[in-house]
file data_36.txt (compact mmCIF, C-alpha atoms)
# COMPACT_ATOMS: atom_id res chain seq x y z
CA MET A 691 29.57 -51.15 34.45
CA ALA A 692 28.22 -54.21 32.73
CA LEU A 693 26.26 -56.62 34.82
CA THR A 694 27.34 -60.16 34.14
CA LYS A 695 24.96 -63.03 34.55
CA ASP A 696 26.90 -64.34 37.52
CA ILE A 697 27.70 -61.72 40.13
CA THR A 698 26.92 -58.06 40.67
CA CYS A 699 29.47 -55.30 41.22
CA HIS A 700 28.44 -55.15 44.85
CA GLN A 701 29.18 -58.87 45.21
CA ALA A 702 32.42 -58.61 43.23
CA VAL A 703 33.74 -55.90 45.53
CA ALA A 704 33.19 -58.15 48.52
CA LEU A 705 35.47 -60.78 46.95
CA VAL A 706 38.36 -58.52 46.01
CA SER A 707 40.44 -58.74 49.18
CA ASP A 708 40.21 -62.54 49.35
CA TYR A 709 41.07 -62.63 45.66
CA LEU A 710 44.27 -60.70 46.32
CA GLU A 711 45.02 -63.02 49.23
CA GLY A 712 44.62 -66.03 46.94
CA ALA A 713 41.90 -67.31 49.24
CA LEU A 714 38.95 -67.68 46.89
CA SER A 715 37.64 -71.06 45.82
CA GLY A 716 38.25 -71.86 42.16
CA ARG A 717 34.60 -71.26 41.42
CA ASP A 718 34.49 -67.82 43.06
CA ARG A 719 37.77 -66.85 41.50
CA ARG A 720 36.50 -67.71 38.03
CA ARG A 721 33.25 -65.86 38.65
CA LEU A 722 35.13 -62.78 39.83
CA GLU A 723 37.61 -62.88 36.95
CA ARG A 724 34.76 -63.20 34.45
CA HIS A 725 33.11 -60.20 36.05
CA LEU A 726 36.33 -58.17 36.04
CA GLU A 727 36.87 -58.84 32.36
CA ALA A 728 33.52 -57.32 31.58
CA CYS A 729 33.47 -54.57 34.17
CA GLN A 730 35.76 -51.57 34.06
CA ALA A 731 34.44 -50.10 37.29
CA CYS A 732 35.27 -53.19 39.33
CA SER A 733 38.66 -53.47 37.63
CA ALA A 734 39.31 -49.90 38.77
CA TYR A 735 38.27 -50.90 42.27
CA LEU A 736 40.69 -53.84 42.20
CA GLU A 737 43.46 -51.49 41.06
CA GLN A 738 42.61 -49.09 43.91
CA MET A 739 42.81 -51.95 46.36
CA ARG A 740 46.21 -53.13 45.07
CA ILE A 741 47.54 -49.61 45.40
CA THR A 742 46.02 -49.20 48.85
CA ILE A 743 47.92 -52.31 49.94
CA ALA A 744 51.14 -51.06 48.34
CA ILE A 745 50.83 -47.70 50.10
CA SER A 746 50.16 -49.40 53.44
CA GLY A 747 53.35 -51.34 52.82
CA SER A 748 55.19 -48.06 52.36
CA VAL A 749 54.18 -46.11 55.42
CA GLY A 750 57.18 -47.32 57.39
CA PRO A 751 57.51 -47.19 61.14
CA GLU A 752 56.04 -44.40 63.20
CA ASP A 753 58.49 -42.02 64.82
CA LEU A 754 59.82 -43.37 68.06
CA PRO A 755 59.63 -40.93 70.99
CA ALA A 756 63.14 -40.02 72.16
CA GLU A 757 62.23 -41.01 75.68
CA ALA A 758 61.25 -44.54 74.69
CA LEU A 759 64.42 -44.95 72.67
CA SER A 760 66.66 -43.78 75.49
CA ARG A 761 64.93 -46.15 77.89
CA LEU A 762 65.62 -49.04 75.52
CA LEU A 763 69.21 -47.95 75.00
CA ASP A 764 69.71 -47.99 78.77
CA VAL A 765 68.46 -51.55 78.80
CA PHE A 766 70.84 -52.39 75.98
CA GLU A 767 73.83 -50.83 77.76
CA LYS A 768 73.00 -52.61 80.98
CA TYR A 769 72.71 -55.91 79.18
CA GLN A 770 76.09 -55.39 77.51
CA GLN A 771 77.66 -54.60 80.87
CA ASP A 772 76.15 -57.65 82.55
CA LYS A 773 77.37 -59.77 79.68
CA SER A 774 80.93 -58.53 79.94
CA ASN A 775 80.90 -59.02 83.72
CA GLU A 776 79.90 -62.65 83.38
CA MET B 466 72.17 -52.71 50.40
CA TYR B 467 69.10 -50.91 51.63
CA THR B 468 66.22 -52.25 53.62
CA LEU B 469 62.82 -51.99 52.08
CA ASN B 470 61.86 -49.12 54.34
CA GLU B 471 64.86 -47.14 53.27
CA CYS B 472 64.07 -47.80 49.64
CA ARG B 473 60.59 -46.52 50.25
CA LEU B 474 61.85 -43.43 51.95
CA ILE B 475 64.49 -42.74 49.36
CA GLY B 476 62.13 -43.41 46.53
CA GLN B 477 59.01 -41.78 47.77
CA VAL B 478 59.86 -39.03 50.13
CA GLU B 479 63.04 -37.81 48.57
CA LEU B 480 62.42 -38.41 44.92
CA GLY B 481 58.74 -37.79 44.75
CA ARG B 482 58.14 -40.79 42.57
CA THR B 483 55.10 -42.26 44.18
CA LYS B 484 53.48 -43.27 40.97
CA GLU B 485 56.39 -45.09 39.41
CA LEU B 486 57.24 -46.88 42.61
CA ILE B 487 53.74 -47.89 43.38
CA MET B 488 53.17 -49.17 39.88
CA SER B 489 56.38 -51.17 39.97
CA SER B 490 55.45 -52.60 43.32
CA VAL B 491 51.99 -53.48 42.09
CA SER B 492 53.37 -55.23 39.06
CA CYS B 493 55.72 -57.17 41.34
CA GLY B 494 52.74 -58.22 43.43
CA GLY B 495 53.28 -55.96 46.41
CA LEU B 496 56.13 -54.18 48.07
CA HIS B 497 57.37 -57.12 50.02
CA THR B 498 59.46 -58.81 47.41
CA ARG B 499 63.15 -58.71 46.73
CA ASP B 500 62.63 -57.82 43.08
CA THR B 501 60.74 -54.72 44.06
CA LYS B 502 63.44 -53.84 46.50
CA THR B 503 66.09 -54.13 43.83
CA HIS B 504 63.95 -52.11 41.50
CA VAL B 505 63.34 -49.33 43.99
CA TYR B 506 67.01 -49.25 44.80
CA SER B 507 67.88 -48.93 41.14
CA VAL B 508 65.40 -46.07 40.76
CA ALA B 509 67.10 -44.36 43.67
CA LYS B 510 70.53 -45.01 42.21
CA ARG B 511 69.53 -43.82 38.77
CA ASN B 512 68.54 -40.56 40.34
CA ASN B 513 71.81 -40.23 42.17
CA VAL B 514 70.23 -40.22 45.51
CA THR B 515 72.57 -39.76 48.35
CA SER B 516 70.57 -39.32 51.44
CA ARG B 517 70.67 -39.56 55.14
CA TRP B 518 69.13 -42.98 54.70
CA ALA B 519 72.24 -44.19 52.98
CA ASN B 520 74.31 -43.72 56.11
CA TYR B 521 75.49 -46.57 58.22
CA PRO B 522 73.80 -48.44 59.78
CA ARG B 523 70.46 -47.53 58.32
CA CYS B 524 71.14 -49.39 55.13
CA MET B 525 71.40 -52.84 56.65
CA GLU B 526 69.24 -55.94 56.47
CA ASP B 527 67.90 -57.17 59.80
CA GLU B 528 70.36 -60.06 59.75
CA VAL B 529 73.33 -57.73 59.31
CA LEU B 530 72.13 -55.56 62.15
CA LEU B 531 71.79 -58.65 64.36
CA GLU B 532 75.42 -59.59 63.73
CA ARG B 533 76.48 -56.13 64.78
CA ILE B 534 74.24 -56.12 67.82
CA LEU B 535 75.90 -59.36 68.93
CA GLY B 536 79.14 -57.43 68.83
CA GLY B 537 77.65 -54.76 71.09
CA ASP B 538 76.90 -52.17 68.39
CA ARG B 539 74.58 -49.59 69.91
CA ASP B 540 73.69 -47.88 66.61
CA ALA B 541 72.62 -51.16 65.10
CA PHE B 542 70.36 -51.76 68.08
CA THR B 543 68.88 -48.27 67.71
CA ASP B 544 68.15 -48.91 64.07
CA LEU B 545 66.41 -52.19 64.76
CA VAL B 546 64.35 -50.67 67.55
CA GLU B 547 63.28 -47.76 65.36
CA ARG B 548 62.29 -50.19 62.67
CA TYR B 549 60.01 -52.38 64.76
CA GLN B 550 59.01 -50.64 67.96
CA SER B 551 55.74 -49.11 66.71
CA SER B 552 54.45 -52.41 65.30
CA LEU B 553 55.51 -54.26 68.46
CA VAL B 554 53.58 -51.82 70.61
CA ARG B 555 50.61 -52.16 68.27
CA LEU B 556 50.67 -55.96 68.56
CA ALA B 557 51.04 -55.82 72.35
CA ARG B 558 48.17 -53.34 72.55
CA TYR B 559 45.95 -55.98 70.98
CA TYR B 560 46.33 -58.06 74.12
CA VAL B 561 46.94 -55.59 76.93
CA LYS B 562 44.77 -52.81 78.24
CA THR B 563 46.95 -49.73 78.29
CA GLU B 564 49.51 -48.10 76.07
CA SER B 565 52.09 -48.05 78.86
CA SER B 566 51.71 -51.74 79.53
CA ALA B 567 52.08 -52.36 75.77
CA GLU B 568 55.33 -50.40 75.90
CA ASP B 569 56.49 -52.56 78.80
CA VAL B 570 55.75 -55.66 76.76
CA ALA B 571 57.79 -54.22 73.89
CA GLN B 572 60.68 -53.49 76.23
CA ASP B 573 60.57 -57.02 77.63
CA THR B 574 60.55 -58.27 74.06
CA TRP B 575 63.82 -56.44 73.31
CA ILE B 576 65.39 -57.86 76.46
CA ALA B 577 64.33 -61.34 75.39
CA VAL B 578 65.76 -60.66 71.93
CA MET B 579 69.14 -59.70 73.39
CA LYS B 580 69.17 -62.75 75.60
CA GLY B 581 68.09 -65.09 72.84
CA LEU B 582 70.04 -63.62 69.98
CA GLU B 583 73.03 -65.89 70.23
CA LYS B 584 70.74 -68.88 70.00
CA PHE B 585 68.63 -67.48 67.18
CA GLU B 586 69.27 -69.82 64.28
CA GLY B 587 67.43 -68.00 61.57
CA ARG B 588 65.08 -70.87 60.86
CA SER B 589 62.33 -68.28 60.65
CA SER B 590 62.95 -64.68 59.67
CA PHE B 591 64.00 -62.37 62.47
CA LYS B 592 60.77 -60.45 62.05
CA THR B 593 58.65 -63.56 62.60
CA TRP B 594 60.71 -64.51 65.64
CA LEU B 595 60.47 -61.01 67.09
CA PHE B 596 56.69 -60.78 66.72
CA ARG B 597 56.25 -64.25 68.22
CA ILE B 598 58.18 -63.25 71.31
CA ALA B 599 56.09 -60.10 71.64
CA ALA B 600 52.80 -61.97 71.20
CA ASN B 601 53.77 -64.56 73.83
CA ARG B 602 54.76 -61.88 76.33
CA ALA B 603 51.63 -59.84 75.64
CA ARG B 604 49.41 -62.90 76.10
CA LYS B 605 50.92 -63.55 79.49
CA THR B 606 50.36 -59.95 80.52
CA GLY B 607 47.05 -59.39 78.83
CA THR B 608 43.57 -60.19 79.91
CA ARG B 609 41.85 -59.30 76.73
CA GLU B 610 40.10 -61.98 74.72
CA PHE B 611 39.89 -61.49 71.01
CA ARG B 612 39.40 -65.13 70.17
CA VAL B 613 35.78 -64.46 69.38
CA VAL B 614 36.04 -61.79 66.77
CA ASN B 615 33.22 -59.32 66.62
CA VAL B 616 32.80 -58.67 62.98
CA ASP B 617 31.97 -55.06 62.44
CA PRO B 618 28.56 -55.10 60.72
CA VAL B 619 29.22 -51.97 58.65
CA ASP B 620 29.45 -52.70 54.94
CA PRO B 621 33.04 -51.92 53.92
CA VAL B 622 31.92 -50.35 50.67
CA SER B 623 28.84 -48.33 51.38
CA SER B 624 25.71 -49.83 49.83
CA ALA B 625 24.81 -46.33 48.75
CA ARG B 626 27.42 -46.64 46.03
CA PHE B 627 25.42 -49.37 44.27
CA ASN B 628 21.99 -49.32 42.71
CA GLU B 629 19.24 -51.89 43.28
CA ALA B 630 20.79 -54.14 40.65
CA GLY B 631 24.10 -54.10 42.54
CA MET B 632 25.84 -51.93 39.94
CA TRP B 633 28.05 -48.93 40.72
CA ARG B 634 26.19 -45.63 40.72
CA GLU B 635 29.46 -43.84 40.08
CA ALA B 636 32.42 -45.89 38.87
CA PRO B 637 35.63 -45.73 40.91
CA VAL B 638 38.56 -44.01 39.22
CA PRO B 639 41.88 -45.92 39.14
CA PHE B 640 44.28 -44.43 41.68
CA THR B 641 47.03 -44.19 39.08
CA GLU B 642 44.89 -41.62 37.30
CA LEU B 643 44.44 -39.67 40.51
CA ILE B 644 47.95 -39.89 41.89
CA ASP B 645 49.73 -36.81 40.76
CA ASP B 646 53.39 -36.40 41.48
CA LYS B 647 52.61 -32.83 42.36
CA LEU B 648 50.61 -34.08 45.31
CA ALA B 649 53.15 -34.42 48.07
CA ASN B 650 53.92 -38.07 48.61
CA ALA B 651 54.31 -37.43 52.27
CA GLU B 652 50.67 -36.37 52.28
CA VAL B 653 49.47 -39.62 50.75
CA LEU B 654 51.57 -41.64 53.18
CA GLU B 655 50.30 -39.58 56.08
CA ALA B 656 46.68 -40.05 54.99
CA CYS B 657 47.32 -43.79 54.89
CA ARG B 658 49.06 -43.80 58.26
CA SER B 659 46.24 -41.88 59.83
CA ALA B 660 43.60 -44.15 58.25
CA ILE B 661 45.41 -47.15 59.77
CA ARG B 662 45.54 -45.46 63.18
CA ASP B 663 41.81 -44.78 62.96
CA LEU B 664 40.93 -48.44 62.37
CA PRO B 665 39.22 -50.13 65.28
CA GLU B 666 40.88 -53.15 66.84
CA PRO B 667 41.33 -55.89 65.82
CA GLN B 668 41.38 -54.53 62.25
CA GLN B 669 44.28 -52.25 63.08
CA SER B 670 46.51 -55.08 64.27
CA VAL B 671 45.63 -57.26 61.31
CA VAL B 672 46.39 -54.52 58.78
CA THR B 673 49.59 -53.51 60.57
CA LEU B 674 50.97 -57.04 60.63
CA ARG B 675 49.79 -58.12 57.18
CA ASP B 676 50.07 -55.01 55.01
CA VAL B 677 52.51 -52.76 56.84
CA GLU B 678 54.90 -55.47 58.07
CA GLY B 679 54.22 -57.93 55.29
CA LEU B 680 53.72 -61.03 57.43
CA SER B 681 51.65 -63.85 55.92
CA THR B 682 47.97 -64.23 56.79
CA ARG B 683 48.87 -67.45 58.55
CA GLU B 684 51.46 -65.72 60.72
CA VAL B 685 48.99 -62.95 61.50
CA SER B 686 46.32 -65.45 62.49
CA GLU B 687 48.77 -67.24 64.80
CA LEU B 688 50.01 -64.05 66.44
CA LEU B 689 46.49 -62.81 67.06
CA GLU B 690 44.99 -66.22 67.84
CA ILE B 691 42.22 -65.95 65.30
CA SER B 692 41.37 -68.13 62.33
CA GLU B 693 42.81 -67.27 58.93
CA ALA B 694 39.26 -66.76 57.66
CA ASN B 695 38.62 -64.24 60.42
CA ALA B 696 41.92 -62.53 59.71
CA ARG B 697 40.87 -62.15 56.08
CA VAL B 698 37.49 -60.68 56.98
CA LEU B 699 39.19 -58.14 59.24
CA LEU B 700 41.79 -57.41 56.58
CA HIS B 701 39.09 -56.86 53.99
CA ARG B 702 37.27 -54.37 56.19
CA GLY B 703 40.38 -52.55 57.24
CA ARG B 704 41.66 -52.27 53.69
CA ALA B 705 38.30 -51.03 52.45
CA LYS B 706 38.40 -48.19 54.98
CA ILE B 707 41.95 -47.22 54.07
CA ARG B 708 41.04 -47.33 50.40
CA GLU B 709 38.15 -45.00 51.08
CA ALA B 710 40.35 -42.57 53.00
CA LEU B 711 42.92 -42.56 50.18
CA GLU B 712 40.20 -42.06 47.60
CA GLY B 713 38.99 -39.05 49.57
CA LYS B 714 42.50 -37.69 49.80
CA LEU B 715 43.36 -38.27 46.15
CA LYS B 716 40.13 -36.74 44.95
CA GLY B 717 41.13 -33.70 46.92
CA GLY B 718 38.79 -33.38 49.81
CA ASP B 719 37.82 -35.12 52.95
CA SER B 720 36.95 -38.75 52.91
CA TRP B 721 33.39 -39.14 51.68
CA HIS B 722 30.82 -41.87 52.16
call {"tool": "encode", "arguments": {"input": "data_36.txt", "output": "structure tokens"}}
result
Amino acid sequence: MALTKDITCHQAVALVSDYLEGALSGRDRRRLERHLEACQACSAYLEQMRITIAISGSVGPEDLPAEALSRLLDVFEKYQQDKSNE
Amino acid sequence: MYTLNECRLIGQVELGRTKELIMSSVSCGGLHTRDTKTHVYSVAKRNNVTSRWANYPRCMEDEVLLERILGGDRDAFTDLVERYQSSLVRLARYYVKTESSAEDVAQDTWIAVMKGLEKFEGRSSFKTWLFRIAANRARKTGTREFRVVNVDPVDPVSSARFNEAGMWREAPVPFTELIDDKLANAEVLEACRSAIRDLPEPQQSVVTLRDVEGLSTREVSELLEISEANARVLLHRGRAKIREALEGKLKGGDSWH
């Protein structure tokens, strides 16, 4: 939990998401990376954030209600019919 | 040939290998890369997984499904709908007032997809094309204006966690030390899903499109008609809340503040 001369942990945490998005200016990126090198707690926070994003990417689609699916399948069938009647 | 979702399901739900998969995805820079996909597939294969997810046509890329849909394949259409419907409704809901009108927008989107499929040239990915159609339809239907984004004033990481000098009072623990394969993976995924559902709009749409669907920040900003900078602010806040919910779950208890 070392405090570097540049930014505090509180400030570092605010930069983490933009850092992962590659959206920080060179100066901010260097300041954050310097802080991360010295600070285990913020490195753990960065790791948590990476994993949070990975888990969000794994949740997959929500279950589709049978009713909604059958409505869409009706639309699909009708479209196929219209197409073959053309 | 599995889609990423199937890999996730095979790998996580059926094998109970959250930790390995998440670490491999992290080291590949996120789950939305082909290398990760190959890796997850090989993990599944190594473990001799034969699952319901391996059945036709659930193991197809979007583009393969599209070919089949052009030939009138109903199962392929079902698979594609199951894959995208919830995110389409979510995106539509950003613009329209009610859930049922969002569902109507999604239905119109599928009709437009069927009509346009023969002309779809694959210059963008199918996913990008699909979400663009939905956003255009929703905009025409919707009355809501999100162009001026109200930034939620709540600090994403509670100030109470830092002392006056801006240092952590209690250091966060890396999730890899907390994730235990004994903890049901389905539980972690469900905690994440529910944290996403609990996000206020427009954070929920931003997180769904960027982190769940893996679209680029630029694509998200175009679909939602906000600046990329705004999209990133919303993403940051949404992610911070999900992180907090997961931390609560992994530490074994309710989310704490």
call {"tool": "atom_distance", "arguments": {"input": "data_36.txt", "atom1": "CA of Val578 (chain B)", "atom2": "CA of Leu595 (chain B)"}}
result
7.2 Å
call {"tool": "closest_residue", "arguments": {"input": "data_36.txt", "among": "B:Ala541, B:Met632, B:Leu553, B:Leu699", "to": "Ala702 (chain A)", "atoms": "all atoms listed in the file"}}
result
B:Met632
call {"tool": "interface_residues", "arguments": {"input": "data_36.txt", "of": "chain A", "to": "chain B", "cutoff": "7 Å", "atoms": "all atoms listed in the file", "output": "number ranges by chain"}}
result
A: 691, 693, 698-700, 707-708, 731, 734-735, 737-752, 754, 762, 770
call {"tool": "residues_around", "arguments": {"input": "data_36.txt", "residues": "Thr606 (chain B)", "least_positions_apart": "4", "cutoff": "8 Å", "atoms": "only C-alpha atoms", "output": "PyMOL selection string"}}
result
chain B and resi 560-561+570+602
call {"tool": "atom_distance", "arguments": {"input": "data_36.txt", "atom1": "CA of Tyr709 (chain A)", "atom2": "CA of Gln668 (chain B)"}}
result
18.5 Å
call {"tool": "closest_residue", "arguments": {"input": "data_36.txt", "among": "A:Gln771, A:Asp696, A:Leu736, A:Glu757", "to": "Leu710 (chain A)", "atoms": "only C-alpha atoms"}}
result
A:Leu736
call {"tool": "decode", "arguments": {"input": "data_36.txt", "residues": "region 736-749 of chain A", "atoms": "N, CA and C atoms", "output": "PDB file, in the first residue's frame"}}
result
ATOM      1  N   LEU A 736      -6.686  -4.078  -9.896  1.00  0.00           N
ATOM      2  CA  LEU A 736      -6.643  -4.215 -11.365  1.00  0.00           C
ATOM      3  C   LEU A 736      -6.967  -5.652 -11.774  1.00  0.00           C
ATOM      4  N   GLU A 737      -6.396  -6.603 -11.041  1.00  0.00           N
ATOM      5  CA  GLU A 737      -6.668  -8.017 -11.316  1.00  0.00           C
ATOM      6  C   GLU A 737      -8.157  -8.317 -11.133  1.00  0.00           C
ATOM      7  N   GLN A 738      -8.734  -7.786 -10.062  1.00  0.00           N
ATOM      8  CA  GLN A 738     -10.176  -7.992  -9.820  1.00  0.00           C
ATOM      9  C   GLN A 738     -10.998  -7.441 -10.979  1.00  0.00           C
ATOM     10  N   MET A 739     -10.562  -6.298 -11.488  1.00  0.00           N
ATOM     11  CA  MET A 739     -11.312  -5.666 -12.560  1.00  0.00           C
ATOM     12  C   MET A 739     -11.209  -6.475 -13.857  1.00  0.00           C
ATOM     13  N   ARG A 740     -10.008  -6.993 -14.136  1.00  0.00           N
ATOM     14  CA  ARG A 740      -9.846  -7.843 -15.334  1.00  0.00           C
ATOM     15  C   ARG A 740     -10.749  -9.067 -15.231  1.00  0.00           C
ATOM     16  N   ILE A 741     -10.798  -9.642 -14.050  1.00  0.00           N
ATOM     17  CA  ILE A 741     -11.601 -10.855 -13.884  1.00  0.00           C
ATOM     18  C   ILE A 741     -13.087 -10.525 -13.937  1.00  0.00           C
ATOM     19  N   THR A 742     -13.447  -9.390 -13.375  1.00  0.00           N
ATOM     20  CA  THR A 742     -14.848  -8.939 -13.467  1.00  0.00           C
ATOM     21  C   THR A 742     -15.278  -8.864 -14.929  1.00  0.00           C
ATOM     22  N   ILE A 743     -14.400  -8.278 -15.753  1.00  0.00           N
ATOM     23  CA  ILE A 743     -14.732  -8.130 -17.179  1.00  0.00           C
ATOM     24  C   ILE A 743     -14.822  -9.505 -17.848  1.00  0.00           C
ATOM     25  N   ALA A 744     -13.892 -10.392 -17.497  1.00  0.00           N
ATOM     26  CA  ALA A 744     -13.915 -11.736 -18.082  1.00  0.00           C
ATOM     27  C   ALA A 744     -15.190 -12.482 -17.691  1.00  0.00           C
ATOM     28  N   ILE A 745     -15.614 -12.322 -16.432  1.00  0.00           N
ATOM     29  CA  ILE A 745     -16.836 -13.012 -15.998  1.00  0.00           C
ATOM     30  C   ILE A 745     -18.061 -12.417 -16.706  1.00  0.00           C
ATOM     31  N   SER A 746     -18.085 -11.094 -16.839  1.00  0.00           N
ATOM     32  CA  SER A 746     -19.206 -10.481 -17.584  1.00  0.00           C
ATOM     33  C   SER A 746     -19.263 -11.034 -19.002  1.00  0.00           C
ATOM     34  N   GLY A 747     -18.088 -11.295 -19.564  1.00  0.00           N
ATOM     35  CA  GLY A 747     -18.039 -11.843 -20.920  1.00  0.00           C
ATOM     36  C   GLY A 747     -18.449 -13.305 -20.976  1.00  0.00           C
ATOM     37  N   SER A 748     -18.657 -13.902 -19.813  1.00  0.00           N
ATOM     38  CA  SER A 748     -19.002 -15.326 -19.774  1.00  0.00           C
ATOM     39  C   SER A 748     -20.446 -15.593 -19.396  1.00  0.00           C
ATOM     40  N   VAL A 749     -21.184 -14.555 -19.057  1.00  0.00           N
ATOM     41  CA  VAL A 749     -22.521 -14.842 -18.530  1.00  0.00           C
ATOM     42  C   VAL A 749     -23.456 -15.430 -19.582  1.00  0.00           C
TER      43      VAL A 749
END
